[in-house]
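K.L.:
So that we are looking at the same thing, I have put the structure below in structure tokens.
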Amino acid sequence: MSAVNLQLDENNKLRHFLSIEGLNRDLLLRILDSAESFINITGRSVKKVPALRGRVIANIFFEHSTRTRTTFELAAKRLSADVLNLNISTSATSKGETLLDTLRNLEAMDVDMFVMRHGDSGAAHFLASHANPGVSIINAGDGQHSHPTQAMLDMFTIRSVKGDFTPLRVAIVGDILHSRVARSQIMALNTLGVSEVRVIAPRTLIPSNARESLGVHVYHDMDEGIRNVDVIIMLRLQKERMNGALLPSEHEFFQCYGLTEERLQLADDEVTVMHPGPINRGVEMATAVADGKHSVILQQVTYGIAVRMAILSMAMQPSSAGRES
Amino acid sequence: MSAVNLQLDENNKLRHFLSIEGLNRDLLLRILDSAESFINITGRSVKKVPALRGRVIANIFFEHSTRTRTTFELAAKRLSADVLNLNISTSATSKGETLLDTLRNLEAMDVDMFVMRHGDSGAAHFLASHANPGVSIINAGDGQHSHPTQAMLDMFTIRSVKGDFTPLRVAIVGDILHSRVARSQIMALNTLGVSEVRVIAPRTLIPSNARESLGVHVYHDMDEGIRNVDVIIMLRLQKERMNGALLPSEHEFFQCYGLTEERLQLADDEVTVMHPGPINRGVEMATAVADGKHSVILQQVTYGIAVRMAILSMAMQPSSAGRES
Amino acid sequence: MSAVNLQLDENNKLRHFLSIEGLNRDLLLRILDSAESFINITGRSVKKVPALRGRVIANIFFEHSTRTRTTFELAAKRLSADVLNLNISTSATSKGETLLDTLRNLEAMDVDMFVMRHGDSGAAHFLASHANPGVSIINAGDGQHSHPTQAMLDMFTIRSVKGDFTPLRVAIVGDILHSRVARSQIMALNTLGVSEVRVIAPRTLIPSNARESLGVHVYHDMDEGIRNVDVIIMLRLQKERMNGALLPSEHEFFQCYGLTEERLQLADDEVTVMHPGPINRGVEMATAVADGKHSVILQQVTYGIAVRMAILSMAMQPSSAGRES
């Protein structure tokens, strides 16, 4: 997959934002620094900057998501962009050809940027490879492949709490096999040079060659895996997988992998607890942990807007005026 | 229920707007006066004031409502606020815990104010009791409990037609027992000191101790009840209750309690006819009455925007800048 | 139908925009000229003009349409208007009386303009005949009657490619009988004085007296019909009609009437190919034609926004300030 070429222009500036793969440490840090400058805005009374005034951003969500769509909408509005929300059922566009027609039509309406969530892995790359000059694609989650803005807001949260990535040991717990969030987090953590990334899950929920392909340490035992870690990221459990053969009951999952106050003792004293939300309380973690002093789950939400503002403004191409006339 | 404490801050300024209960005459009059100042704006070509520019108001509707949501959205936009519309099916958030998570997440997105409609009585109070400093809750209808912005627009309409509340006799007709609108209207009318509030309905649709608990005069006979009244408020009949044992057929209801031109003769010559809408023509009232010279039903809609502008701007807390940094 | 009176005010300025019928050549040209002036805006970085700032436009769509609704929304936003999107299922408003109540309520909210799509032919005329002074109705498609903004964007596209209408031979292919698009296009082409309008379809899909009532030349053979034409407009095939007796299979339709590269040889060398979208590739036309050098299908989308900006701003009445106070 030529993600490198698609995501960067000839001057190594952001062109599309599709996956963490293919982006180097320097670019990731520039995104975090840009987000830092937007943090102040979200605390102000008038939460707006004119950066993208008059530009049009279309949120195209083929999968339902209130939280991610809302934070992208707020990010775009704080940059003064106009936002189009298009909820499209996948059934209506089952063929790649028709997805391309959707792109072409919105391009013809002078939409400058597409924020897309799609159930098919690779859908964002597909659009980016066909997008006209001046039009950018932002991946808001594609199948089981990638969710790079989530990973970046997690990195921002970690940096804001820990300061430096280098010494950190980070554990990611849950369904690693199917999680686009985990895949993007692992790449970002490794690119930013943390000391160690661990994944913790039952055998059925970890890719067989995870150590080699992802560059992680694999644990099947929770107590062992979180020992001395600085950051624990709990993944959201997809309940629809519960009924299948891959996962035991919610209760059993909580027994084996749920984060409780007792277990938290095993980690570093200053451990940070994260979750992409929404939480299944009593399944991935106890309520006392979710709302406890180690949790930064709500900061993740707040930082998500600033990080998305950074990515939207960095990926926005110079005005279409140039390409049209 | 400590509505008093929740709704007012230490300086007796509006903090949340949850119910008429606990608000005194002076505050209700201040809301009406503030709305008066916004009436001119809605008649202007550029229908905007910059009062809430850069502030974010989330409409969270767990029950469907085109009219109420639309007027809140227009009110917010005329104050230059940014509006988020979130339609959430109740099924997705059946537990109070999760409603709290919804609040916390939107707070983390720096949403300044929540306008909520919810099927459970007390839902708005629940949110207000947990809201962070700087975040306000506006009740757009909770179960069978309260719909205070509707009551305030009705008071505004009555004052604009009648001038003074003191001498008025007001009749409210329909399903008093289940109506959050009636409950809020009765409290507002009594707080504003009208001469007499009457409720008119079959025995099955009036609380057994209405006279004492609500401070109203109870009538089961329509002709008797509307005699010499200055204002008649017809409630909307919830058709889903028709099938139950509580109500006879639509036709029978119209026979007994429908407002016709003949019946209207019994009231004061200058009687004002109101309805919260949408009207079931031929059930609650005859079309000739709905569109007749005594009806102010469409003014209620117009005034509703000004009244909501007043409430949104009075309840908006000083910028989150203070609380965050 | 007194479309003339409804659509124009006493000074022959646009009052409502309901159908092409009743509008003269001069007015159609003025719309095209106005749209021309907006084309530059859509190519600019800041795609906004303050023309309709503070005015409120409600999109009321009783039939689902992502494309038309989106271009109307973009057009309104580029004119700086506030937009209300109301998706209303027809079932909730089955009676004309209730459609009128919807109008009256939105008027009472000081909405200045209604863009309506409705399944009933004549619904836009009905609203316009009841609208208050100062409130305008724009028809975004009513039943099988009229879709005049689509026709105007098609005229704009033709003029931008061909320069002059007078010498043109234009063929419209597909289900003429049920198409509000075709009806509006034919009237616009004849009003603008093209040399010849041809309709091409099986006997079952053309009104019996088309030649007289519509002023067109009728062809049932595709090869014969498109010979030497300057413009070919392919209509979208409504797949739900496929199952009935009126139409053969998709495959058979493509065999008889589908536009292929070979067939295109029969038309003028400089022939222009149009389609209102979305295309059923392989049914109405081959992909090679849809994406080929004669196709202006995406320009139609782009021009659609400028044309709608022109119509919205020409039909917007002087501020309600005048009528209210």
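Within each chain, counting starts at residue 1; across the structure tokens, chains are named A, B, ... in the order shown, with ligands numbered 1 upward in that order.
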Counting only C-alpha atoms, what are the residues of chain C within 10 Å of chain A, and for each of them which pair of atoms is the nearest and at what distance in Å, to one decimal? Sort the table by chain and rising number, as JSON lines.

P.N.:
{"residue": "C:Asn40", "atom": "CA", "partner": "A:Ala321", "partner_atom": "CA", "distance": 8.9}
{"residue": "C:Ile41", "atom": "CA", "partner": "A:Ala321", "partner_atom": "CA", "distance": 9.2}
{"residue": "C:Thr42", "atom": "CA", "partner": "A:Asp110", "partner_atom": "CA", "distance": 6.8}
{"residue": "C:Gly43", "atom": "CA", "partner": "A:Ala321", "partner_atom": "CA", "distance": 4.7}
{"residue": "C:Arg44", "atom": "CA", "partner": "A:Ala321", "partner_atom": "CA", "distance": 4.8}
{"residue": "C:Ser45", "atom": "CA", "partner": "A:Ser319", "partner_atom": "CA", "distance": 4.7}
{"residue": "C:Val46", "atom": "CA", "partner": "A:Gly54", "partner_atom": "CA", "distance": 4.0}
{"residue": "C:Lys47", "atom": "CA", "partner": "A:Gly54", "partner_atom": "CA", "distance": 4.9}
{"residue": "C:Lys48", "atom": "CA", "partner": "A:Gly54", "partner_atom": "CA", "distance": 6.1}
{"residue": "C:Val49", "atom": "CA", "partner": "A:Gly54", "partner_atom": "CA", "distance": 9.7}
{"residue": "C:Thr66", "atom": "CA", "partner": "A:Leu86", "partner_atom": "CA", "distance": 7.8}
{"residue": "C:Arg67", "atom": "CA", "partner": "A:Asn105", "partner_atom": "CA", "distance": 8.4}
{"residue": "C:Thr70", "atom": "CA", "partner": "A:Leu84", "partner_atom": "CA", "distance": 7.8}
{"residue": "C:Thr71", "atom": "CA", "partner": "A:Met109", "partner_atom": "CA", "distance": 7.2}
{"residue": "C:Glu73", "atom": "CA", "partner": "A:Leu84", "partner_atom": "CA", "distance": 8.6}
{"residue": "C:Leu74", "atom": "CA", "partner": "A:Met109", "partner_atom": "CA", "distance": 8.1}
{"residue": "C:Ala75", "atom": "CA", "partner": "A:Met109", "partner_atom": "CA", "distance": 9.7}
{"residue": "C:Lys77", "atom": "CA", "partner": "A:Asp82", "partner_atom": "CA", "distance": 8.0}
{"residue": "C:Arg78", "atom": "CA", "partner": "A:Gly54", "partner_atom": "CA", "distance": 8.0}
{"residue": "C:Gly277", "atom": "CA", "partner": "A:Asn105", "partner_atom": "CA", "distance": 9.1}
{"residue": "C:Pro278", "atom": "CA", "partner": "A:Asp101", "partner_atom": "CA", "distance": 8.1}
{"residue": "C:Ile279", "atom": "CA", "partner": "A:Asp101", "partner_atom": "CA", "distance": 8.6}
{"residue": "C:Asn280", "atom": "CA", "partner": "A:Thr98", "partner_atom": "CA", "distance": 9.3}
{"residue": "C:Arg281", "atom": "CA", "partner": "A:Glu97", "partner_atom": "CA", "distance": 9.1}
{"residue": "C:Thr287", "atom": "CA", "partner": "A:Glu97", "partner_atom": "CA", "distance": 9.9}
{"residue": "C:Ile297", "atom": "CA", "partner": "A:Asn105", "partner_atom": "CA", "distance": 9.1}
{"residue": "C:Leu298", "atom": "CA", "partner": "A:Ala108", "partner_atom": "CA", "distance": 5.8}
{"residue": "C:Gln299", "atom": "CA", "partner": "A:Ala108", "partner_atom": "CA", "distance": 6.8}
{"residue": "C:Gln300", "atom": "CA", "partner": "A:Ala108", "partner_atom": "CA", "distance": 8.4}
{"residue": "C:Val301", "atom": "CA", "partner": "A:Ala108", "partner_atom": "CA", "distance": 5.8}
{"residue": "C:Thr302", "atom": "CA", "partner": "A:Ala108", "partner_atom": "CA", "distance": 4.9}
{"residue": "C:Tyr303", "atom": "CA", "partner": "A:Met109", "partner_atom": "CA", "distance": 8.4}
{"residue": "C:Gly304", "atom": "CA", "partner": "A:Met109", "partner_atom": "CA", "distance": 8.3}
{"residue": "C:Ile305", "atom": "CA", "partner": "A:Met109", "partner_atom": "CA", "distance": 7.1}
{"residue": "C:Ala306", "atom": "CA", "partner": "A:Met109", "partner_atom": "CA", "distance": 9.8}

K.L.:
CA of Phe156 (chain C) and CA of Asp269 (chain C), how far apart in Å?

P.N.:
21.0 Å

K.L.:
Quick one: residues within 12 Å of Ser179 (chain A), only C-alpha atoms, excluding same-chain residues fewer than 2 positions away - as number ranges by chain?

P.N.:
A: 121, 141-148, 150-151, 172-177, 181-186, 199, 201, 205-207, 234-238, 241, 276

K.L.:
Considering only alpha helix (DSSP H) as DSSP defines it on the backbone, what residues of region 171-311 of chain B qualify? List them as a PyMOL selection string.

P.N.:
chain B and resi 180-191+210-214+222-225+250-257+261-264+287-290+297-311

K.L.:
Quick one: write out the picked residues with C-alpha atoms as a tab-separated table (two decimals), in the first residue's frame?

P.N.:
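Listed below is the output, out-v3.tsv:
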chain	number	residue	atom	x	y	z
B	180	ARG	CA	-46.15	18.34	31.55
B	181	VAL	CA	-47.34	21.41	29.67
B	182	ALA	CA	-50.38	21.85	31.93
B	183	ARG	CA	-48.34	21.33	35.10
B	184	SER	CA	-45.87	24.04	34.09
B	185	GLN	CA	-48.60	26.42	32.92
B	186	ILE	CA	-50.52	26.12	36.17
B	187	MET	CA	-47.44	26.92	38.25
B	188	ALA	CA	-46.53	29.87	36.08
B	189	LEU	CA	-50.07	31.29	36.14
B	190	ASN	CA	-50.29	30.99	39.90
B	191	THR	CA	-46.82	32.46	40.41
B	210	ALA	CA	-55.77	18.70	41.88
B	211	ARG	CA	-57.45	21.48	43.80
B	212	GLU	CA	-55.06	21.22	46.72
B	213	SER	CA	-51.86	20.12	45.02
B	214	LEU	CA	-52.10	22.37	41.99
B	222	MET	CA	-66.84	22.15	29.48
B	223	ASP	CA	-69.69	24.68	29.15
B	224	GLU	CA	-69.59	25.40	32.84
B	225	GLY	CA	-65.81	25.58	32.97
B	250	GLU	CA	-61.88	11.39	19.25
B	251	HIS	CA	-65.41	12.06	18.15
B	252	GLU	CA	-66.76	11.71	21.66
B	253	PHE	CA	-64.00	13.91	23.08
B	254	PHE	CA	-64.84	16.64	20.58
B	255	GLN	CA	-68.52	16.37	21.53
B	256	CYS	CA	-67.75	16.85	25.22
B	257	TYR	CA	-64.66	19.05	25.28
B	261	GLU	CA	-67.58	28.66	17.88
B	262	GLU	CA	-70.84	28.11	19.76
B	263	ARG	CA	-69.06	27.16	22.96
B	264	LEU	CA	-66.71	30.10	22.63
B	287	THR	CA	-60.92	24.63	12.41
B	288	ALA	CA	-62.99	27.83	12.55
B	289	VAL	CA	-61.77	28.42	16.10
B	290	ALA	CA	-58.15	27.48	15.39
B	297	ILE	CA	-51.78	29.96	18.25
B	298	LEU	CA	-49.31	31.19	15.63
B	299	GLN	CA	-48.18	34.09	17.82
B	300	GLN	CA	-47.29	31.47	20.43
B	301	VAL	CA	-44.87	29.96	17.90
B	302	THR	CA	-43.32	33.32	17.06
B	303	TYR	CA	-42.97	34.34	20.69
B	304	GLY	CA	-41.50	30.93	21.47
B	305	ILE	CA	-38.28	31.87	19.73
B	306	ALA	CA	-37.87	35.17	21.61
B	307	VAL	CA	-38.67	33.50	24.94
B	308	ARG	CA	-36.13	30.75	24.28
B	309	MET	CA	-33.53	33.36	23.28
B	310	ALA	CA	-34.15	35.03	26.64
B	311	ILE	CA	-33.79	31.79	28.60

K.L.:
What's the 10 Å shell around region 228-231 of chain C, counting only C-alpha atoms, without same-chain residues fewer than 6 positions away, as a list in words?

P.N.:
Ile158, Lys162, Pro167, Leu168, Arg169, Val170, Ala171, Ile172, Glu196, Val197, Arg198, Leu264, Gln265, Leu266, Ala267, Asp268, Asp269, Glu270, Val271, Thr272, Val273, Met274 and His294 of chain C

K.L.:
Could you please take those selected residues and save N, CA and C atoms as a compact mmCIF listing (two decimals), in the first residue's frame?

P.N.:
# COMPACT_ATOMS: atom_id res chain seq x y z
N ILE C 158 -25.78 23.90 -20.74
CA ILE C 158 -25.83 23.93 -22.20
C ILE C 158 -25.27 25.26 -22.72
N LYS C 162 -22.26 25.56 -25.26
CA LYS C 162 -22.64 25.84 -26.65
C LYS C 162 -22.74 27.32 -26.98
N PRO C 167 -29.47 27.47 -32.44
CA PRO C 167 -29.28 26.43 -33.47
C PRO C 167 -29.37 25.00 -32.97
N LEU C 168 -29.61 24.80 -31.67
CA LEU C 168 -29.40 23.47 -31.08
C LEU C 168 -30.53 22.48 -31.33
N ARG C 169 -30.13 21.23 -31.58
CA ARG C 169 -31.04 20.10 -31.54
C ARG C 169 -30.73 19.29 -30.28
N VAL C 170 -31.76 19.11 -29.44
CA VAL C 170 -31.55 18.45 -28.15
C VAL C 170 -32.44 17.22 -28.05
N ALA C 171 -31.84 16.09 -27.67
CA ALA C 171 -32.62 14.86 -27.47
C ALA C 171 -32.66 14.50 -25.99
N ILE C 172 -33.86 14.17 -25.51
CA ILE C 172 -34.04 13.71 -24.12
C ILE C 172 -34.47 12.26 -24.18
N GLU C 196 -34.79 22.48 -32.02
CA GLU C 196 -35.58 21.25 -32.03
C GLU C 196 -35.38 20.49 -30.73
N VAL C 197 -36.51 20.04 -30.15
CA VAL C 197 -36.43 19.16 -28.98
C VAL C 197 -36.99 17.80 -29.37
N ARG C 198 -36.20 16.76 -29.15
CA ARG C 198 -36.65 15.41 -29.45
C ARG C 198 -36.79 14.63 -28.14
N LEU C 264 -22.90 7.04 -29.90
CA LEU C 264 -22.56 8.45 -29.82
C LEU C 264 -22.03 8.98 -31.16
N GLN C 265 -21.46 8.08 -32.00
CA GLN C 265 -20.97 8.45 -33.33
C GLN C 265 -22.06 9.05 -34.20
N LEU C 266 -23.31 8.64 -33.91
CA LEU C 266 -24.42 9.09 -34.77
C LEU C 266 -24.74 10.56 -34.55
N ALA C 267 -24.41 11.06 -33.35
CA ALA C 267 -24.74 12.44 -33.03
C ALA C 267 -23.69 13.38 -33.64
N ASP C 268 -23.88 14.66 -33.41
CA ASP C 268 -22.92 15.65 -33.88
C ASP C 268 -21.53 15.38 -33.27
N ASP C 269 -20.48 15.72 -34.00
CA ASP C 269 -19.12 15.46 -33.51
C ASP C 269 -18.85 16.13 -32.15
N GLU C 270 -19.48 17.25 -31.94
CA GLU C 270 -19.26 18.02 -30.71
C GLU C 270 -20.38 17.79 -29.69
N VAL C 271 -21.07 16.68 -29.81
CA VAL C 271 -22.24 16.44 -28.97
C VAL C 271 -21.89 16.52 -27.47
N THR C 272 -22.83 17.06 -26.72
CA THR C 272 -22.68 17.17 -25.26
C THR C 272 -23.61 16.16 -24.60
N VAL C 273 -23.09 15.38 -23.63
CA VAL C 273 -23.88 14.34 -22.95
C VAL C 273 -24.17 14.78 -21.51
N MET C 274 -25.45 14.73 -21.15
CA MET C 274 -25.87 15.19 -19.82
C MET C 274 -26.70 14.12 -19.10
N HIS C 294 -17.21 13.82 -24.01
CA HIS C 294 -18.45 14.55 -24.30
C HIS C 294 -19.30 14.83 -23.06

K.L.:
Between A:Leu23, A:Val216, A:Ala76, A:Leu259, which one has atoms that come closest to Gly292 (chain A), using only C-alpha atoms?

P.N.:
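Ranking A:Leu23, A:Val216, A:Ala76, A:Leu259 by distance to Gly292 (chain A), first place goes to A:Leu259.
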
K.L.:
Would you give me, as a PyMOL selection string, the residues in region 81-253 of chain B that DSSP reads as strand (DSSP E)?

P.N.:
chain B and resi 82-87+113-118+136-142+169-173+196-200+217-219+231-234

K.L.:
Any chance you can output those residues with N, CA and C atoms as a compact mmCIF listing (two decimals), in the first residue's frame?

P.N.:
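Saved file out_15.txt follows:
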# COMPACT_ATOMS: atom_id res chain seq x y z
N ASP B 82 -23.13 28.28 18.21
CA ASP B 82 -23.06 27.10 17.38
C ASP B 82 -23.95 26.03 17.98
N VAL B 83 -24.66 25.30 17.12
CA VAL B 83 -25.64 24.32 17.59
C VAL B 83 -25.24 22.92 17.16
N LEU B 84 -25.26 22.00 18.09
CA LEU B 84 -25.10 20.57 17.79
C LEU B 84 -26.43 19.89 17.98
N ASN B 85 -26.93 19.20 16.97
CA ASN B 85 -28.16 18.45 17.12
C ASN B 85 -27.85 16.98 17.31
N LEU B 86 -28.21 16.43 18.45
CA LEU B 86 -27.97 15.02 18.72
C LEU B 86 -29.30 14.33 18.99
N ASN B 87 -29.72 13.49 18.06
CA ASN B 87 -30.93 12.70 18.29
C ASN B 87 -30.50 11.34 18.80
N MET B 113 -23.89 24.35 26.99
CA MET B 113 -25.28 24.28 27.42
C MET B 113 -25.96 23.09 26.75
N PHE B 114 -26.82 22.43 27.49
CA PHE B 114 -27.56 21.29 26.97
C PHE B 114 -29.04 21.60 27.01
N VAL B 115 -29.69 21.51 25.87
CA VAL B 115 -31.14 21.58 25.81
C VAL B 115 -31.62 20.16 25.65
N MET B 116 -32.28 19.62 26.67
CA MET B 116 -32.61 18.20 26.64
C MET B 116 -34.10 17.93 26.75
N ARG B 117 -34.58 17.05 25.89
CA ARG B 117 -35.91 16.45 26.05
C ARG B 117 -35.71 14.97 26.35
N HIS B 118 -36.42 14.49 27.33
CA HIS B 118 -36.22 13.10 27.74
C HIS B 118 -37.55 12.53 28.23
N SER B 136 -24.75 24.62 31.66
CA SER B 136 -26.16 24.79 32.03
C SER B 136 -27.05 23.76 31.34
N ILE B 137 -28.11 23.39 32.03
CA ILE B 137 -29.09 22.46 31.49
C ILE B 137 -30.41 23.20 31.31
N ILE B 138 -31.00 23.05 30.11
CA ILE B 138 -32.32 23.61 29.84
C ILE B 138 -33.26 22.44 29.59
N ASN B 139 -34.35 22.41 30.33
CA ASN B 139 -35.34 21.34 30.19
C ASN B 139 -36.30 21.64 29.04
N ALA B 140 -36.25 20.83 28.00
CA ALA B 140 -37.17 20.99 26.86
C ALA B 140 -38.29 19.96 26.94
N GLY B 141 -38.59 19.52 28.17
CA GLY B 141 -39.65 18.52 28.36
C GLY B 141 -39.09 17.26 28.97
N ASP B 142 -39.54 16.91 30.18
CA ASP B 142 -39.10 15.64 30.80
C ASP B 142 -40.32 14.86 31.27
N ARG B 169 -59.01 35.13 34.39
CA ARG B 169 -59.47 33.77 34.63
C ARG B 169 -59.03 32.91 33.45
N VAL B 170 -58.26 31.84 33.73
CA VAL B 170 -57.69 31.02 32.66
C VAL B 170 -58.17 29.59 32.81
N ALA B 171 -58.65 29.01 31.70
CA ALA B 171 -59.06 27.60 31.72
C ALA B 171 -58.11 26.77 30.87
N ILE B 172 -57.70 25.62 31.43
CA ILE B 172 -56.86 24.68 30.69
C ILE B 172 -57.68 23.42 30.47
N VAL B 173 -57.79 22.98 29.22
CA VAL B 173 -58.72 21.90 28.87
C VAL B 173 -57.98 20.73 28.26
N GLU B 196 -57.68 33.34 38.70
CA GLU B 196 -58.26 32.00 38.83
C GLU B 196 -57.72 31.10 37.72
N VAL B 197 -57.30 29.89 38.11
CA VAL B 197 -56.93 28.87 37.11
C VAL B 197 -57.93 27.73 37.20
N ARG B 198 -58.54 27.40 36.08
CA ARG B 198 -59.48 26.29 36.04
C ARG B 198 -58.89 25.17 35.18
N VAL B 199 -59.14 23.93 35.57
CA VAL B 199 -58.82 22.82 34.68
C VAL B 199 -60.11 22.10 34.34
N ILE B 200 -60.23 21.70 33.08
CA ILE B 200 -61.47 21.10 32.59
C ILE B 200 -61.11 19.79 31.90
N HIS B 217 -59.19 25.27 40.15
CA HIS B 217 -60.60 24.91 40.25
C HIS B 217 -60.87 23.83 39.21
N VAL B 218 -61.57 22.79 39.63
CA VAL B 218 -61.76 21.63 38.77
C VAL B 218 -63.16 21.62 38.17
N TYR B 219 -63.24 21.45 36.85
CA TYR B 219 -64.52 21.32 36.16
C TYR B 219 -64.50 20.06 35.30
N VAL B 231 -59.00 33.47 29.07
CA VAL B 231 -58.04 32.70 28.26
C VAL B 231 -58.44 31.23 28.32
N ILE B 232 -58.46 30.58 27.15
CA ILE B 232 -58.66 29.13 27.10
C ILE B 232 -57.43 28.49 26.47
N ILE B 233 -56.81 27.58 27.22
CA ILE B 233 -55.67 26.84 26.68
C ILE B 233 -56.12 25.41 26.44
N MET B 234 -56.16 25.00 25.17
CA MET B 234 -56.50 23.63 24.83
C MET B 234 -55.20 22.83 24.77

K.L.:
I'd like the neighbourhood of Leu127 (chain C) as a ChimeraX atom specification, where a residue qualifies if any of its atoms comes within 9 Å (using only C-alpha atoms), though same-chain residues fewer than 5 positions away should be ignored.

P.N.:
/C:99-100,103,122,137

K.L.:
Would you mind reading off the distance between CA of Leu153 (chain A) and CA of Phe72 (chain A), one decimal, in Å?

P.N.:
12.3 Å

K.L.:
Could you tell me how far CA of Asp164 (chain A) sits from CA of Lys293 (chain A), in Å to one decimal place?

P.N.:
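If I compute the distance from CA of Lys293 (chain A) to CA of Asp164 (chain A), I get 20.4 Å.
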
K.L.:
When distances are computed from only C-alpha atoms, which of A:Leu8, A:Leu18, A:Asp26, A:Val161 shows the smallest separation from Ala123 (chain A)?

P.N.:
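When distances to Ala123 (chain A) are compared using only C-alpha atoms, the smallest one comes from A:Leu18.
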